[in-house]
Structure formats: C-alpha cells, structure tokens
Amino acid sequence: MTHDVAIVGGGIVGLATAYQLARQAPGRSIIVLEKEAALATHQTGRNSGVIHSGIYYRPGSLKAENCREGRKALVAFCEREGLPFEVCGKVIVAVTEAERPRLHAILERGRANGIAARLIGPEALRAREPHVRGVEAILVPEAGIVDFRAVTLRLAERVRERGHEVRTNAAVRDVAVRSDGFTLATEAGEVRARYLVGCAGLYADRLARMCGLEPGVRIIPFRGEYFELKPPARALCRHLIYPVPDPAFPFLGVHFTRMIDGRVECGPSAVLAFAREGYTFGTVNLRDLAEMVTYPGFRRLAARHARTGWHELRQSLSKRVYLRALRRLIPDVTLDDLAPRVAGVRAQAVRPDGTLVDDFLFAETDRAVHVCNAPSPAATAALNVGRLAAERLLAHLA
C-alpha cells in the first residue's frame, strides 16, 4: 500500500499535523511513524506542561503568531475533549531594580502580540504568591497548565478514528526518494508514501537530509534538568512563577510550575547534552557527539556563550548552586524541599555561524514539509503549527 502522506514523529507536533491533515483532506490516507514504543516519549512528554501566552516572542514571528492562535485552539480542543487543563496565570518577576527595564520591554512585546498582561507591585505580587520576593512583576492571566502527553494521545485517537494509521516501534532508518514519493525503511517494515511531513524533533535535521533536503541547520541538544518540590513545600508556589529572562540566552531560566496533577516543578537548567537523547550527564552517543564538535556552528556557539555554559554546568553539578537560582524567586525554599525529577532534552537548531534559530523553522520541497526547529512554545502552538504544516503540504498535494 502507498499512503498519500507519511508523518515522521509521534510527538504533539506530528499528531497535531496528522489531525489537521485528516480534517482538511478527508479523502487522503495518512500514516504516522514513531520510533518509540509509545507516543510523546521525548520533548512532548518531558516538558513542564505550561500553556504559554506568547508574551516573550518577537511580534510577527512564527512563534508569536502560532502561540497566540495555537493556545486558543489547544484550550478549545481540551474543552471539547474533556481533557483537564487550567488557565491559572503566571507572574514574571523582576527581583532587582536592574531587571525592571527588561521586564517593561517584555510587557511591551506582549502588548504588541495582543497579550492581556499588566504590571503589579510587590504587595499585589505577595497577595498572589506570598513566598515570592520581587520589586515588580508582570501578571499574565492567559497562561495555564495541561498534560501535553494526554493531548497527544487524544489527537492520536481522533486520527485513528478517521481510518488512519499511527504506528509505533517504527524508527526510520533510511529514505529512498522517488519521482513519485518516498520509500521509508523502518523497523516496522517498508512504508511508501507520495508525500512526507517531518516532525522528528531531536532528529529533524537528519531526517531532512535523508530526504535529500539540506535544512541549513544542525540540531544541538540541551538537557533541561528539573527538581520538584516535596509535598510539604508545594504551598511555596501557587501558580506559575518565572524570572526575567536573560536576553543574551534563548532559555527562560529556572522557574516554578504547578503541574496539572498538583505537583510543583522547579527548573529547568540548560546544559549541553552529549547525546540527542542525553537525559543524564553520563549518557554519551559518539555519533551525536562527533557531529556536534565538528560542526562549525557549535564551535562558534560554544565560544560565544562559554561563560553562560559554564554557569549552567555548575548549576547542573551542584544542587546548592541550583538552589541559589531558585531562591532568587522564592527565598524560603531549602535543599530538603527538593526532589529530583525526570530531565528533558531540547532540540535547538543552530546555524553554521553559531546563532540559535529563535523561531519555528520549516523547510520544503515539492513533496515534503519538514519542521526543522520547534522549541517552546511548540507544544502550546502545536495545533496551529500542525495546521500550517498541513496547509503547506496541501499546496503541493496533487
């Protein structure tokens, strides 16, 4: 059997794309290929479950537009499907006077993106989050929490109900590009498809190259390490608490997140991983490491951010250093309050000049669409990113 479309990747972006394609092109046959035994195993299932508002992103960027529209679509989907979520709001906290200008710049960017947010002073901040200390904060009412793995599984159910296949244990090992489509050699057998969508996350660049497309970037993995507050300490955080991010670094800094199941997560750090699935410090993949260190973009990135990288590494290796970062926001948290949590790995596209791709990135041929960079807020934006990927493919589909 030759499918009309093969989607490679069983995370939330891949399933959202399949869901949107199934709705927009009901007569087409779709197969989703996931290399693991379960869906949403990697980035989707290892993030903090935050429904982002879109306040941080450059106005007019794909992140800003897709986060705003994707958030609406996600909330509507959860309401329709009866999936638990909560729009609990968050605060972005300026701890010192020096951080006020950056805080105000974030607010202006959020307003340009149509985000309902406002400044609050120390008293209003303490009323909302009694254990947080700061000189000023932005209150973002639209932020929320959800279980993105549960969303992904429900999307898969809806795709299967329309007669399409979602196949696990189906890692793609090779792709033969034909004039009329693709033949994919997978661990679950050969799959033929006339068109292809790549949503491979940590392997997005490799898949694109397998398909004969040079994406112009290399995926560099960054491990995000978390702690969680033990039950007696969960009252230290009521909602979502974020620091003012460093504009020179693409990550948001360690923050506190109340999860949909009541747990409170702290983190993440952002340290270089030595494997694309490097969820522990000792996990090393020689192929991944060799590709990384021989890539000019990585070497330039490392030289540019050496000081920040060293700080993140110290934070990773020392629980006390990690605690100092957490206590900037909540001084009352102690070492005894922290329990280890599962780590995640962020797939970050890096250009040859060493700059980080700070937006969603697509690459296309006349028969394929590849999502080559989909960092946060990709989970929040997934239904809209999936719609966009589907529309781009349908423009080629004959």
# chains A, B, ... in the order shown; residues from 1 in each chain; ligands from 1

$ select_by_dssp --residues "segment 106-136 of chain A" --states "strand (DSSP E)" --output "list in words"
Arg118, Leu119, Ile120 and Glu136 of chain A

$ write_last_selection --atoms "N, CA, C and O atoms" --output "short mmCIF file (atom, residue, chain, number, x, y, z; two decimals), in the first residue's frame"
data_model
loop_
_atom_site.label_atom_id
_atom_site.label_comp_id
_atom_site.auth_asym_id
_atom_site.auth_seq_id
_atom_site.Cartn_x
_atom_site.Cartn_y
_atom_site.Cartn_z
N ARG A 118 -0.39 42.84 32.70
CA ARG A 118 -0.24 44.14 33.37
C ARG A 118 0.83 44.04 34.45
O ARG A 118 1.15 42.96 34.95
N LEU A 119 1.38 45.20 34.80
CA LEU A 119 2.37 45.27 35.86
C LEU A 119 1.68 45.24 37.22
O LEU A 119 0.60 45.82 37.39
N ILE A 120 2.32 44.57 38.17
CA ILE A 120 1.85 44.60 39.55
C ILE A 120 3.05 44.89 40.46
O ILE A 120 4.19 44.54 40.13
N GLU A 136 8.88 44.15 41.22
CA GLU A 136 7.78 44.36 40.28
C GLU A 136 7.58 43.07 39.50
O GLU A 136 8.48 42.23 39.42
#

$ residues_around --residues "Leu213 of chain A" --least-positions-apart "5" --cutoff "12 Å" --atoms "only C-alpha atoms" --output "list in words"
Val175, Val177, Gly198, Ala204, Asp205, Arg206, Leu207, Ala208, Phe362, Ala363, Glu364, Thr365, Asp366, Arg367, Ala368, Val369, His370 and Cys372 of chain A

$ write_last_selection --atoms "C-alpha atoms" --output "mmCIF file, in the first residue's frame"
data_model
loop_
_atom_site.group_PDB
_atom_site.id
_atom_site.type_symbol
_atom_site.label_atom_id
_atom_site.label_comp_id
_atom_site.auth_asym_id
_atom_site.auth_seq_id
_atom_site.Cartn_x
_atom_site.Cartn_y
_atom_site.Cartn_z
ATOM 1 C CA VAL A 175 14.624 7.057 2.931
ATOM 2 C CA VAL A 177 13.443 9.493 -2.735
ATOM 3 C CA GLY A 198 8.952 15.584 9.029
ATOM 4 C CA ALA A 204 14.670 16.788 12.398
ATOM 5 C CA ASP A 205 17.853 17.760 10.560
ATOM 6 C CA ARG A 206 18.907 14.155 9.945
ATOM 7 C CA LEU A 207 15.508 13.235 8.551
ATOM 8 C CA ALA A 208 15.571 16.221 6.195
ATOM 9 C CA PHE A 362 10.204 24.951 8.047
ATOM 10 C CA ALA A 363 11.982 23.528 5.014
ATOM 11 C CA GLU A 364 10.111 22.322 1.939
ATOM 12 C CA THR A 365 10.362 20.501 -1.371
ATOM 13 C CA ASP A 366 7.535 19.875 -3.803
ATOM 14 C CA ARG A 367 6.717 16.642 -1.917
ATOM 15 C CA ALA A 368 7.807 17.248 1.658
ATOM 16 C CA VAL A 369 7.472 19.694 4.539
ATOM 17 C CA HIS A 370 9.963 19.436 7.388
ATOM 18 C CA CYS A 372 13.235 21.722 11.393
#

$ select_by_dssp --residues "segment 80-130 of chain A" --states "alpha helix (DSSP H)" --output "list in words"
Arg80, Glu81, Arg100, Pro101, Arg102, Leu103, His104, Ala105, Ile106, Leu107, Glu108, Arg109, Gly110, Arg111, Ala112, Pro122, Glu123, Ala124, Leu125, Arg126, Ala127 and Arg128 of chain A

$ residues_around --residues "Val146 of chain A" --least-positions-apart "2" --cutoff "10 Å" --atoms "only C-alpha atoms" --output "VMD selection string"
chain A and resid 48 to 51 74 to 75 78 83 to 87 144 148 to 151 259 to 261 380

$ residues_around --residues "Phe77 of chain A" --least-positions-apart "4" --cutoff "10 Å" --atoms "only C-alpha atoms" --output "list in words"
Arg71, Lys72, Ala73, Glu81, Gly82, Leu83, Val151, Arg154, Leu155 and Leu383 of chain A

$ residues_around --residues "Met292 of chain A" --least-positions-apart "3" --cutoff "10 Å" --atoms "only C-alpha atoms" --output "PyMOL selection string"
chain A and resi 218-221+274-275+286-289+295-299

$ closest_residue --among "A:Arg276, A:Tyr19, A:Gly27, A:Ala137" --to "Glu291 of chain A" --atoms "only C-alpha atoms"
A:Arg276

$ closest_residue --among "A:Lys63, A:Pro245, A:Ser318, A:Thr186" --to "Asp174 of chain A" --atoms "only C-alpha atoms"
A:Thr186
